[in-house]
file run00.txt (compact mmCIF, C-alpha atoms and all ligand atoms)
# COMPACT_ATOMS: atom_id res chain seq x y z
CA MET A 1 3.67 -4.83 24.52
CA ASP A 2 1.89 -2.36 22.26
CA SER A 3 1.42 -3.80 18.80
CA LYS A 4 0.16 -1.52 16.07
CA LEU A 5 -0.12 -0.80 12.39
CA THR A 6 0.65 2.76 11.27
CA PHE A 7 -0.13 4.13 7.84
CA LEU A 8 2.95 6.25 7.09
CA GLY A 9 1.54 7.21 3.70
CA THR A 10 -1.66 6.45 1.80
CA GLY A 11 -1.22 8.09 -1.60
CA ALA A 12 -0.42 6.92 -5.12
CA ALA A 13 2.92 7.12 -6.96
CA TRP A 14 3.12 10.94 -7.24
CA ALA A 15 1.36 11.70 -3.93
CA LEU A 16 -1.82 13.76 -3.56
CA PRO A 17 -2.52 16.52 -4.33
CA GLU A 18 -0.16 16.26 -7.29
CA LEU A 19 2.27 19.11 -7.94
CA ASN A 20 0.55 22.01 -9.74
CA CYS A 21 -2.45 19.82 -10.63
CA PRO A 22 -5.67 21.86 -10.98
CA CYS A 23 -8.02 18.82 -11.33
CA ALA A 24 -11.14 18.72 -9.14
CA ILE A 25 -9.66 16.12 -6.77
CA CYS A 26 -6.30 17.86 -6.23
CA ALA A 27 -7.85 21.35 -6.03
CA ASN A 28 -10.34 20.18 -3.43
CA MET A 29 -7.71 18.39 -1.33
CA ARG A 30 -5.43 21.42 -1.51
CA ALA A 31 -8.24 23.72 -0.36
CA LYS A 32 -8.82 21.43 2.63
CA GLY A 33 -5.11 21.11 3.45
CA GLU A 34 -5.18 17.33 2.89
CA ARG A 35 -2.14 15.41 1.80
CA ARG A 36 -1.44 11.75 1.02
CA THR A 37 2.23 10.85 0.79
CA ARG A 38 3.46 7.69 -0.95
CA THR A 39 1.94 4.52 0.53
CA ALA A 40 4.04 2.78 3.21
CA LEU A 41 3.07 0.82 6.32
CA LEU A 42 4.80 0.29 9.64
CA LEU A 43 4.11 -2.72 11.87
CA GLU A 44 5.38 -2.60 15.44
CA ALA A 45 5.50 -5.28 18.14
CA ASP A 46 8.75 -4.55 20.02
CA TYR A 47 10.17 -5.10 16.54
CA THR A 48 9.69 -2.63 13.72
CA LEU A 49 8.84 -3.80 10.25
CA LEU A 50 8.59 -1.24 7.45
CA VAL A 51 6.57 -2.22 4.40
CA ASP A 52 7.80 -0.31 1.32
CA CYS A 53 10.18 2.60 1.35
CA GLY A 54 9.22 5.30 -1.13
CA PRO A 55 10.44 8.86 -1.78
CA ASP A 56 8.63 10.28 1.29
CA ILE A 57 10.19 7.91 3.80
CA LEU A 58 12.44 10.39 5.60
CA ALA A 59 9.58 12.80 6.36
CA GLN A 60 7.30 9.88 7.23
CA LEU A 61 9.79 8.49 9.79
CA GLU A 62 10.33 11.96 11.26
CA THR A 63 6.63 12.79 11.51
CA ASN A 64 5.88 9.49 13.23
CA LYS A 65 9.01 9.68 15.46
CA ILE A 66 10.30 6.25 14.39
CA LYS A 67 13.55 5.47 16.19
CA LYS A 68 14.50 2.16 14.57
CA ILE A 69 13.74 -0.14 11.66
CA ASP A 70 14.46 -3.84 12.16
CA ALA A 71 13.50 -5.05 8.69
CA VAL A 72 11.89 -3.89 5.47
CA LEU A 73 9.51 -5.68 3.11
CA ILE A 74 9.50 -4.43 -0.47
CA THR A 75 6.40 -5.31 -2.48
CA HIS A 76 7.74 -4.45 -5.93
CA GLU A 77 10.30 -2.60 -8.00
CA HIS A 78 8.39 0.65 -8.69
CA GLY A 79 10.01 3.89 -7.49
CA ASP A 80 7.18 4.85 -5.14
CA HIS A 81 7.82 1.60 -3.23
CA TYR A 82 11.63 1.46 -2.95
CA ILE A 83 13.33 4.70 -4.02
CA GLY A 84 13.77 5.84 -0.39
CA LEU A 85 16.07 2.96 0.59
CA ASP A 86 19.12 5.25 0.66
CA GLU A 87 17.53 7.12 3.59
CA LEU A 88 18.12 4.05 5.77
CA PHE A 89 21.78 5.11 5.79
CA VAL A 90 21.03 7.43 8.76
CA PHE A 91 20.46 4.44 11.02
CA LYS A 92 24.07 3.37 10.43
CA ARG A 93 25.58 6.88 10.51
CA ASN A 94 24.26 7.62 13.98
CA GLN A 95 25.47 4.45 15.71
CA PRO A 96 28.90 4.06 17.28
CA ARG A 97 31.31 2.69 14.68
CA GLY A 98 31.08 -1.08 14.29
CA ARG A 99 27.81 -1.52 16.17
CA PHE A 100 25.27 -1.28 13.33
CA LYS A 101 23.89 -4.45 11.78
CA PRO A 102 22.65 -4.14 8.18
CA ILE A 103 18.85 -3.89 7.91
CA ALA A 104 17.30 -6.96 6.30
CA VAL A 105 15.38 -5.96 3.17
CA PHE A 106 13.09 -8.71 1.91
CA MET A 107 11.97 -8.83 -1.73
CA THR A 108 11.67 -11.22 -4.67
CA PRO A 109 14.73 -11.91 -6.85
CA GLN A 110 12.95 -10.14 -9.76
CA SER A 111 12.54 -6.99 -7.67
CA TRP A 112 16.17 -7.11 -6.45
CA GLU A 113 17.35 -7.47 -10.05
CA VAL A 114 15.96 -3.97 -10.72
CA ILE A 115 16.66 -2.42 -7.29
CA ARG A 116 20.31 -3.56 -7.20
CA THR A 117 21.13 -1.55 -10.33
CA ARG A 118 20.62 1.57 -8.21
CA PHE A 119 21.20 0.48 -4.61
CA ASP A 120 23.80 -2.31 -4.63
CA TYR A 121 26.16 0.11 -2.81
CA LEU A 122 23.83 -0.01 0.20
CA ARG A 123 24.63 -3.72 0.37
CA THR A 124 28.38 -3.34 -0.10
CA MET A 125 28.47 -0.53 2.50
CA GLY A 126 26.61 -2.68 5.02
CA VAL A 127 23.46 -0.57 5.24
CA ILE A 128 21.06 -3.21 3.95
CA GLU A 129 21.15 -6.95 3.68
CA PRO A 130 19.02 -8.03 0.70
CA ARG A 131 17.07 -11.20 1.49
CA MET A 132 15.26 -13.08 -1.26
CA VAL A 133 11.69 -14.25 -0.77
CA HIS A 134 9.60 -16.56 -2.91
CA PRO A 135 5.84 -16.44 -3.39
CA PHE A 136 3.92 -18.96 -1.28
CA ARG A 137 6.91 -19.71 0.98
CA TRP A 138 6.74 -18.60 4.63
CA PHE A 139 9.70 -16.85 6.22
CA GLU A 140 10.40 -15.21 9.57
CA SER A 141 11.70 -11.82 10.59
CA GLY A 142 12.00 -11.31 14.36
CA PRO A 143 8.65 -12.30 15.91
CA PHE A 144 6.84 -11.87 12.55
CA ALA A 145 5.85 -14.79 10.32
CA ILE A 146 5.46 -13.62 6.74
CA TYR A 147 3.89 -15.22 3.69
CA PRO A 148 4.52 -13.58 0.30
CA PHE A 149 2.02 -14.25 -2.47
CA LYS A 150 2.08 -13.48 -6.18
CA THR A 151 0.17 -10.45 -7.44
CA ASP A 152 -0.37 -9.34 -11.02
CA HIS A 153 0.79 -5.71 -11.35
CA GLY A 154 1.64 -5.73 -15.05
CA THR A 155 4.76 -6.46 -17.06
CA PHE A 156 6.80 -3.56 -15.60
CA ALA A 157 6.71 -5.06 -12.11
CA LYS A 158 7.29 -8.74 -12.58
CA GLY A 159 8.55 -9.17 -9.02
CA SER A 160 5.31 -7.94 -7.39
CA VAL A 161 4.11 -9.68 -4.29
CA GLY A 162 1.70 -9.01 -1.46
CA TYR A 163 2.42 -10.10 2.11
CA LEU A 164 0.44 -11.79 4.83
CA ILE A 165 2.06 -10.80 8.12
CA LYS A 166 1.37 -12.60 11.38
CA MET A 167 2.56 -10.75 14.45
CA PRO A 168 2.25 -10.81 18.24
CA ALA A 169 -0.88 -8.94 19.39
CA SER A 170 -0.98 -6.48 22.29
CA GLY A 171 -3.24 -8.69 24.38
CA GLY A 172 -1.34 -11.91 23.65
CA GLY A 173 -1.96 -14.25 20.74
CA GLN A 174 -1.45 -13.20 17.14
CA LYS A 175 -2.94 -10.82 14.62
CA SER A 176 -2.62 -11.04 10.89
CA VAL A 177 -2.42 -8.20 8.40
CA LEU A 178 -2.85 -8.86 4.69
CA TYR A 179 -1.37 -6.24 2.34
CA THR A 180 -2.03 -6.73 -1.36
CA SER A 181 -0.05 -3.59 -2.41
CA ASP A 182 -0.32 -2.47 -6.09
CA PHE A 183 -2.16 -5.06 -8.15
CA LYS A 184 -4.67 -5.69 -10.87
CA ASN A 185 -5.35 -9.29 -10.05
CA LEU A 186 -4.40 -12.19 -7.83
CA PRO A 187 -3.47 -15.11 -10.09
CA ASP A 188 -4.13 -17.42 -7.16
CA ILE A 189 -5.88 -16.93 -3.80
CA PRO A 190 -4.27 -19.50 -1.51
CA ASP A 191 -6.19 -20.47 1.64
CA GLU A 192 -3.37 -18.96 3.76
CA ILE A 193 -4.38 -15.42 2.81
CA LYS A 194 -8.12 -15.79 3.44
CA ARG A 195 -9.72 -14.48 6.66
CA PRO A 196 -6.89 -12.17 7.81
CA ASP A 197 -7.67 -9.99 10.83
CA LEU A 198 -7.00 -6.82 8.83
CA LEU A 199 -6.87 -6.27 5.08
CA VAL A 200 -5.04 -3.34 3.49
CA ILE A 201 -6.00 -2.95 -0.15
CA GLN A 202 -5.33 -0.47 -2.91
CA SER A 203 -8.08 1.84 -4.22
CA PHE A 204 -6.33 3.77 -6.96
CA TRP A 205 -9.58 4.74 -8.71
CA PHE A 206 -13.13 4.85 -7.42
CA ASN A 207 -14.43 3.33 -10.68
CA GLU A 208 -12.73 0.64 -12.71
CA PRO A 209 -11.51 2.31 -15.93
CA LYS A 210 -12.26 1.16 -19.48
CA GLU A 211 -8.62 0.34 -19.92
CA ASN A 212 -6.58 -0.57 -16.81
CA ARG A 213 -3.16 0.16 -18.31
CA PRO A 214 -1.21 0.83 -15.09
CA SER A 215 -2.48 -2.47 -13.63
CA HIS A 216 -3.98 -1.05 -10.44
CA MET A 217 -7.00 -1.84 -8.28
CA SER A 218 -10.14 0.32 -8.24
CA PHE A 219 -12.51 0.57 -5.28
CA GLN A 220 -15.24 -0.84 -7.52
CA ARG A 221 -13.26 -4.02 -8.11
CA ALA A 222 -11.66 -4.09 -4.65
CA LEU A 223 -15.14 -4.84 -3.28
CA GLN A 224 -14.94 -8.28 -4.89
CA PHE A 225 -11.52 -8.93 -3.34
CA ILE A 226 -12.75 -7.80 0.09
CA GLU A 227 -15.56 -10.36 -0.23
CA ALA A 228 -13.19 -13.09 -1.46
CA LEU A 229 -10.47 -12.44 1.15
CA ASP A 230 -13.10 -11.96 3.86
CA PRO A 231 -11.16 -10.11 6.60
CA VAL A 232 -12.33 -10.78 10.16
CA GLU A 233 -12.06 -7.27 11.59
CA GLU A 234 -11.54 -4.44 9.16
CA THR A 235 -10.35 -3.34 5.73
CA PHE A 236 -8.34 -0.19 5.01
CA LEU A 237 -8.07 1.47 1.61
CA VAL A 238 -4.68 2.92 0.58
CA HIS A 239 -2.69 4.10 -2.48
CA MET A 240 -5.49 6.54 -3.32
CA GLY A 241 -5.16 8.32 -6.66
CA ASP A 242 -6.64 11.23 -8.58
CA ALA A 243 -7.12 9.42 -11.90
CA ASP A 244 -10.92 9.20 -11.90
CA MET A 245 -12.72 11.57 -14.25
CA VAL A 246 -14.96 13.85 -12.21
CA PRO A 247 -18.15 14.74 -14.14
CA GLY A 248 -17.96 18.37 -15.27
CA ASP A 249 -14.25 18.80 -14.50
CA PRO A 250 -12.56 20.60 -17.46
CA HIS A 251 -9.33 18.76 -16.53
CA ASN A 252 -10.68 15.32 -17.43
CA SER A 253 -8.59 15.43 -20.62
CA MET A 254 -5.33 15.11 -18.64
CA ALA A 255 -3.16 12.13 -19.53
CA LYS A 256 -3.65 10.62 -16.07
CA LYS A 257 -7.44 10.60 -16.18
CA TYR A 258 -9.23 7.36 -17.05
CA GLU A 259 -12.72 7.00 -18.43
CA PRO A 260 -14.83 4.64 -16.30
CA LEU A 261 -15.95 1.33 -17.77
CA ASN A 262 -19.27 1.01 -16.00
CA PRO A 263 -19.40 3.47 -13.09
CA LEU A 264 -20.55 2.15 -9.75
CA ALA A 265 -24.21 3.06 -9.09
CA PRO A 266 -26.71 2.09 -6.40
CA PRO A 267 -28.50 -1.21 -7.11
CA GLY A 268 -31.15 -0.75 -9.80
CA SER A 269 -30.08 2.84 -10.56
CA ASN A 270 -28.39 4.42 -13.58
CA THR A 271 -27.12 7.41 -11.61
CA PRO A 272 -23.55 6.66 -10.54
CA TYR A 273 -22.21 7.54 -7.11
CA PRO A 274 -20.31 10.85 -7.09
CA ILE A 275 -16.51 10.61 -7.31
CA PRO A 276 -15.09 11.26 -3.82
CA LEU A 277 -12.90 14.39 -3.82
CA ASP A 278 -11.38 14.15 -0.33
CA HIS A 279 -11.07 11.96 2.74
CA ASP A 280 -14.50 12.67 4.26
CA GLN A 281 -16.26 12.22 0.92
CA TRP A 282 -14.46 8.93 0.41
CA ASN A 283 -15.63 7.55 3.74
CA GLU A 284 -19.17 8.89 3.29
CA ILE A 285 -19.64 7.45 -0.20
CA LEU A 286 -17.95 4.19 0.71
CA GLN A 287 -20.31 3.66 3.68
CA LYS A 288 -23.26 4.34 1.37
CA VAL A 289 -22.01 1.74 -1.13
CA LEU A 290 -21.55 -0.85 1.64
CA SER A 291 -25.04 -0.27 2.98
CA ASP A 292 -26.74 -0.06 -0.46
CA TYR A 293 -25.16 -3.38 -1.45
CA ARG A 294 -25.62 -4.90 2.03
CA LEU A 295 -21.95 -5.72 2.29
CA LEU A 296 -21.14 -6.70 5.83
CA HIS A 297 -17.44 -5.90 5.94
CA GLU A 298 -16.08 -2.92 7.86
CA VAL A 299 -14.14 -0.72 5.45
CA ARG A 300 -12.37 2.62 6.09
CA VAL A 301 -10.16 4.85 4.02
CA ALA A 302 -6.79 5.13 5.76
CA ARG A 303 -5.11 8.51 6.12
CA ASP A 304 -1.49 9.44 6.67
CA GLY A 305 -0.48 8.92 10.29
CA LEU A 306 -3.44 6.71 11.23
CA SER A 307 -2.42 4.11 13.82
CA VAL A 308 -4.46 0.98 14.49
CA PRO A 309 -3.77 -0.99 17.70
CA LEU A 310 -3.36 -4.71 17.10
ZN ZN A 401 2.57 2.23 -6.21
ZN ZN A 402 3.41 -0.09 -8.60
call {"tool": "encode", "arguments": {"input": "run00.txt", "output": "structure tokens"}}
result
Amino acid sequence: MDSKLTFLGTGAAWALPELNCPCAICANMRAKGERRTRTALLLEADYTLLVDCGPDILAQLETNKIKKIDAVLITHEHGDHYIGLDELFVFKRNQPRGRFKPIAVFMTPQSWEVIRTRFDYLRTMGVIEPRMVHPFRWFESGPFAIYPFKTDHGTFAKGSVGYLIKMPASGGGQKSVLYTSDFKNLPDIPDEIKRPDLLVIQSFWFNEPKENRPSHMSFQRALQFIEALDPVEETFLVHMGDADMVPGDPHNSMAKKYEPLNPLAPPGSNTPYPIPLDHDQWNEILQKVLSDYRLLHEVRVARDGLSVPL
């Protein structure tokens, strides 16, 4: 069996580069031909589990040649995480009549309360089977054991959870993947979610902003969560945004740009690290931060289409 984690998308809510955006980050990514579609993960172990289903899902499934989806985990009721659910209809349409079984879609009751206002017809037409999950209560889906945990992602996403997923590993035994999704804080860090094999964590900004209105995680603050959650093998950064102000960029006045609170700088220095403008710069600067601060964890920025064997 080949078990793996694939990053279908690694971008923030409006993808990167953003439409028509001339800011330093988007302009640089555009010049390099880089693109980050909306963040979604796929876990495979003879059973295919999709984590989040945003507006790019159709293209993501096509690009990665995904033939089937056995179940879906939804982390919260924001469009970039669920608005692609209607695309799952194709899996029913292309089966002989009567053979298709609705795809189990796991989420909290608070998330379903919002999602059902738009997609209840997918339930009545037998495309999806909504399944309610509760924070800190294990459940199973095929060979996967899954533990949802409460995350704080602000008042507009009350149903937000992260998931710890234990799955069969390629070489026998199990591997665990911890996905915190969009969050500002973890109200509680239960022992169950510490020491996962892999951690997937949001890095919406490089620097924590003065005012964290959208309730997201910055790389600067994610470092503390990486230390606290202490993954055994590796950490991947996802849900990358373009909301950092880049010194000297005339587009820093845009509504989406956030002033940093106390920009990350090397120990004992007042000169902040540069804001990474693309994938290579992200990895380069991040490795420098890890070594300057003597942090021992392995951390990489994920990119669309990256597959990690498990
Ligand atoms: Zn999001
Ligand atoms: Zn969100």
call {"tool": "residues_near_ligand", "arguments": {"input": "run00.txt", "ligand": "ligand ZN 402 (chain A)", "cutoff": "7 Å", "atoms": "all atoms listed in the file", "output": "ChimeraX atom specification"}}
result
/A:76,78,153,157,182
call {"tool": "residues_around", "arguments": {"input": "run00.txt", "residues": "A:Val200", "least_positions_apart": "4", "cutoff": "8 Å", "atoms": "only C-alpha atoms", "output": "list in words"}}
result
Val177, Leu178, Tyr179, Thr180, Ser181, Thr235, Phe236, Leu237 and Val238 of chain A
call {"tool": "closest_atom_pairs", "arguments": {"input": "run00.txt", "of": "chain A", "to": "ligand ZN 401 (chain A)", "cutoff": "9 Å", "atoms": "all atoms listed in the file", "output": "tab-separated table"}}
result
residue	atom	partner	partner_atom	distance
A:Gly11	CA	A:ZN401	ZN	8.4
A:Ala12	CA	A:ZN401	ZN	5.7
A:Ala13	CA	A:ZN401	ZN	5.0
A:Trp14	CA	A:ZN401	ZN	8.8
A:Arg38	CA	A:ZN401	ZN	7.6
A:Thr39	CA	A:ZN401	ZN	7.1
A:Gly54	CA	A:ZN401	ZN	8.9
A:His76	CA	A:ZN401	ZN	8.5
A:His78	CA	A:ZN401	ZN	6.5
A:Gly79	CA	A:ZN401	ZN	7.7
A:Asp80	CA	A:ZN401	ZN	5.4
A:His81	CA	A:ZN401	ZN	6.1
A:Ser181	CA	A:ZN401	ZN	7.4
A:Asp182	CA	A:ZN401	ZN	5.5
A:Phe183	CA	A:ZN401	ZN	8.9
A:Gln202	CA	A:ZN401	ZN	9.0
A:His216	CA	A:ZN401	ZN	8.5
A:His239	CA	A:ZN401	ZN	6.7
call {"tool": "write_last_selection", "arguments": {"input": "run00.txt", "atoms": "C-alpha atoms", "output": "PDB file, keeping the file's coordinate frame"}}
result
ATOM      1  CA  GLY A  11      -1.220   8.090  -1.600  1.00  0.00           C
ATOM      2  CA  ALA A  12      -0.420   6.920  -5.120  1.00  0.00           C
ATOM      3  CA  ALA A  13       2.920   7.120  -6.960  1.00  0.00           C
ATOM      4  CA  TRP A  14       3.120  10.940  -7.240  1.00  0.00           C
ATOM      5  CA  ARG A  38       3.460   7.690  -0.950  1.00  0.00           C
ATOM      6  CA  THR A  39       1.940   4.520   0.530  1.00  0.00           C
ATOM      7  CA  GLY A  54       9.220   5.300  -1.130  1.00  0.00           C
ATOM      8  CA  HIS A  76       7.740  -4.450  -5.930  1.00  0.00           C
ATOM      9  CA  HIS A  78       8.390   0.650  -8.690  1.00  0.00           C
ATOM     10  CA  GLY A  79      10.010   3.890  -7.490  1.00  0.00           C
ATOM     11  CA  ASP A  80       7.180   4.850  -5.140  1.00  0.00           C
ATOM     12  CA  HIS A  81       7.820   1.600  -3.230  1.00  0.00           C
ATOM     13  CA  SER A 181      -0.050  -3.590  -2.410  1.00  0.00           C
ATOM     14  CA  ASP A 182      -0.320  -2.470  -6.090  1.00  0.00           C
ATOM     15  CA  PHE A 183      -2.160  -5.060  -8.150  1.00  0.00           C
ATOM     16  CA  GLN A 202      -5.330  -0.470  -2.910  1.00  0.00           C
ATOM     17  CA  HIS A 216      -3.980  -1.050 -10.440  1.00  0.00           C
ATOM     18  CA  HIS A 239      -2.690   4.100  -2.480  1.00  0.00           C
TER      19      HIS A 239
END
call {"tool": "residues_around", "arguments": {"input": "run00.txt", "residues": "stretch 16-28 of chain A", "least_positions_apart": "5", "cutoff": "8 Å", "atoms": "all atoms listed in the file", "output": "PyMOL selection string"}}
result
chain A and resi 11+34-37+241-242+246+249-252+276-278
call {"tool": "closest_atom_pairs", "arguments": {"input": "run00.txt", "of": "stretch 148-167 of chain A", "to": "stretch 88-110 of chain A", "cutoff": "12 Å", "atoms": "only C-alpha atoms", "output": "CSV"}}
result
residue,atom,partner,partner_atom,distance
A:Pro148,CA,A:Thr108,CA,9.0
A:Phe149,CA,A:Thr108,CA,10.4
A:Lys150,CA,A:Thr108,CA,10.0
A:Thr151,CA,A:Thr108,CA,11.9
A:Thr155,CA,A:Gln110,CA,11.6
A:Phe156,CA,A:Gln110,CA,10.7
A:Ala157,CA,A:Gln110,CA,8.4
A:Lys158,CA,A:Gln110,CA,6.5
A:Gly159,CA,A:Gln110,CA,4.6
A:Ser160,CA,A:Thr108,CA,7.7
A:Val161,CA,A:Thr108,CA,7.7
A:Gly162,CA,A:Met107,CA,10.3
A:Tyr163,CA,A:Met107,CA,10.4
call {"tool": "closest_residue", "arguments": {"input": "run00.txt", "among": "A:Val127, A:Leu186, A:Met245, A:Leu41", "to": "A:Gly154", "atoms": "all atoms listed in the file"}}
result
A:Leu186
call {"tool": "build_atoms", "arguments": {"input": "run00.txt", "residues": "stretch 191-202 of chain A", "atoms": "N, CA, C and O atoms", "output": "PDB file, keeping the file's coordinate frame"}}
result
ATOM      1  N   ASP A 191      -5.417 -20.498   0.399  1.00  0.00           N
ATOM      2  CA  ASP A 191      -6.190 -20.470   1.640  1.00  0.00           C
ATOM      3  C   ASP A 191      -5.486 -19.667   2.736  1.00  0.00           C
ATOM      4  O   ASP A 191      -6.136 -19.047   3.570  1.00  0.00           O
ATOM      5  N   GLU A 192      -4.143 -19.671   2.726  1.00  0.00           N
ATOM      6  CA  GLU A 192      -3.370 -18.960   3.760  1.00  0.00           C
ATOM      7  C   GLU A 192      -3.777 -17.490   3.870  1.00  0.00           C
ATOM      8  O   GLU A 192      -3.709 -16.923   4.947  1.00  0.00           O
ATOM      9  N   ILE A 193      -4.131 -16.873   2.739  1.00  0.00           N
ATOM     10  CA  ILE A 193      -4.380 -15.420   2.810  1.00  0.00           C
ATOM     11  C   ILE A 193      -5.865 -15.079   3.035  1.00  0.00           C
ATOM     12  O   ILE A 193      -6.224 -13.907   3.114  1.00  0.00           O
ATOM     13  N   LYS A 194      -6.710 -16.077   3.170  1.00  0.00           N
ATOM     14  CA  LYS A 194      -8.120 -15.790   3.440  1.00  0.00           C
ATOM     15  C   LYS A 194      -8.339 -15.572   4.933  1.00  0.00           C
ATOM     16  O   LYS A 194      -7.621 -16.118   5.753  1.00  0.00           O
ATOM     17  N   ARG A 195      -9.336 -14.772   5.265  1.00  0.00           N
ATOM     18  CA  ARG A 195      -9.720 -14.480   6.660  1.00  0.00           C
ATOM     19  C   ARG A 195      -8.581 -13.857   7.485  1.00  0.00           C
ATOM     20  O   ARG A 195      -8.342 -14.276   8.637  1.00  0.00           O
ATOM     21  N   PRO A 196      -7.864 -12.861   6.952  1.00  0.00           N
ATOM     22  CA  PRO A 196      -6.890 -12.170   7.810  1.00  0.00           C
ATOM     23  C   PRO A 196      -7.656 -11.321   8.820  1.00  0.00           C
ATOM     24  O   PRO A 196      -8.838 -11.038   8.610  1.00  0.00           O
ATOM     25  N   ASP A 197      -6.997 -10.892   9.896  1.00  0.00           N
ATOM     26  CA  ASP A 197      -7.670  -9.990  10.830  1.00  0.00           C
ATOM     27  C   ASP A 197      -7.917  -8.642  10.154  1.00  0.00           C
ATOM     28  O   ASP A 197      -9.010  -8.112  10.191  1.00  0.00           O
ATOM     29  N   LEU A 198      -6.868  -8.097   9.540  1.00  0.00           N
ATOM     30  CA  LEU A 198      -7.000  -6.820   8.830  1.00  0.00           C
ATOM     31  C   LEU A 198      -6.573  -7.001   7.382  1.00  0.00           C
ATOM     32  O   LEU A 198      -5.629  -7.733   7.091  1.00  0.00           O
ATOM     33  N   LEU A 199      -7.259  -6.300   6.492  1.00  0.00           N
ATOM     34  CA  LEU A 199      -6.870  -6.270   5.080  1.00  0.00           C
ATOM     35  C   LEU A 199      -6.533  -4.830   4.711  1.00  0.00           C
ATOM     36  O   LEU A 199      -7.266  -3.903   5.067  1.00  0.00           O
ATOM     37  N   VAL A 200      -5.419  -4.661   4.015  1.00  0.00           N
ATOM     38  CA  VAL A 200      -5.040  -3.340   3.490  1.00  0.00           C
ATOM     39  C   VAL A 200      -4.997  -3.485   1.982  1.00  0.00           C
ATOM     40  O   VAL A 200      -4.221  -4.291   1.451  1.00  0.00           O
ATOM     41  N   ILE A 201      -5.855  -2.740   1.292  1.00  0.00           N
ATOM     42  CA  ILE A 201      -6.000  -2.950  -0.150  1.00  0.00           C
ATOM     43  C   ILE A 201      -5.990  -1.608  -0.891  1.00  0.00           C
ATOM     44  O   ILE A 201      -6.479  -0.594  -0.385  1.00  0.00           O
ATOM     45  N   GLN A 202      -5.442  -1.659  -2.087  1.00  0.00           N
ATOM     46  CA  GLN A 202      -5.330  -0.470  -2.910  1.00  0.00           C
ATOM     47  C   GLN A 202      -6.675  -0.035  -3.485  1.00  0.00           C
ATOM     48  O   GLN A 202      -7.500  -0.872  -3.857  1.00  0.00           O
TER      49      GLN A 202
END
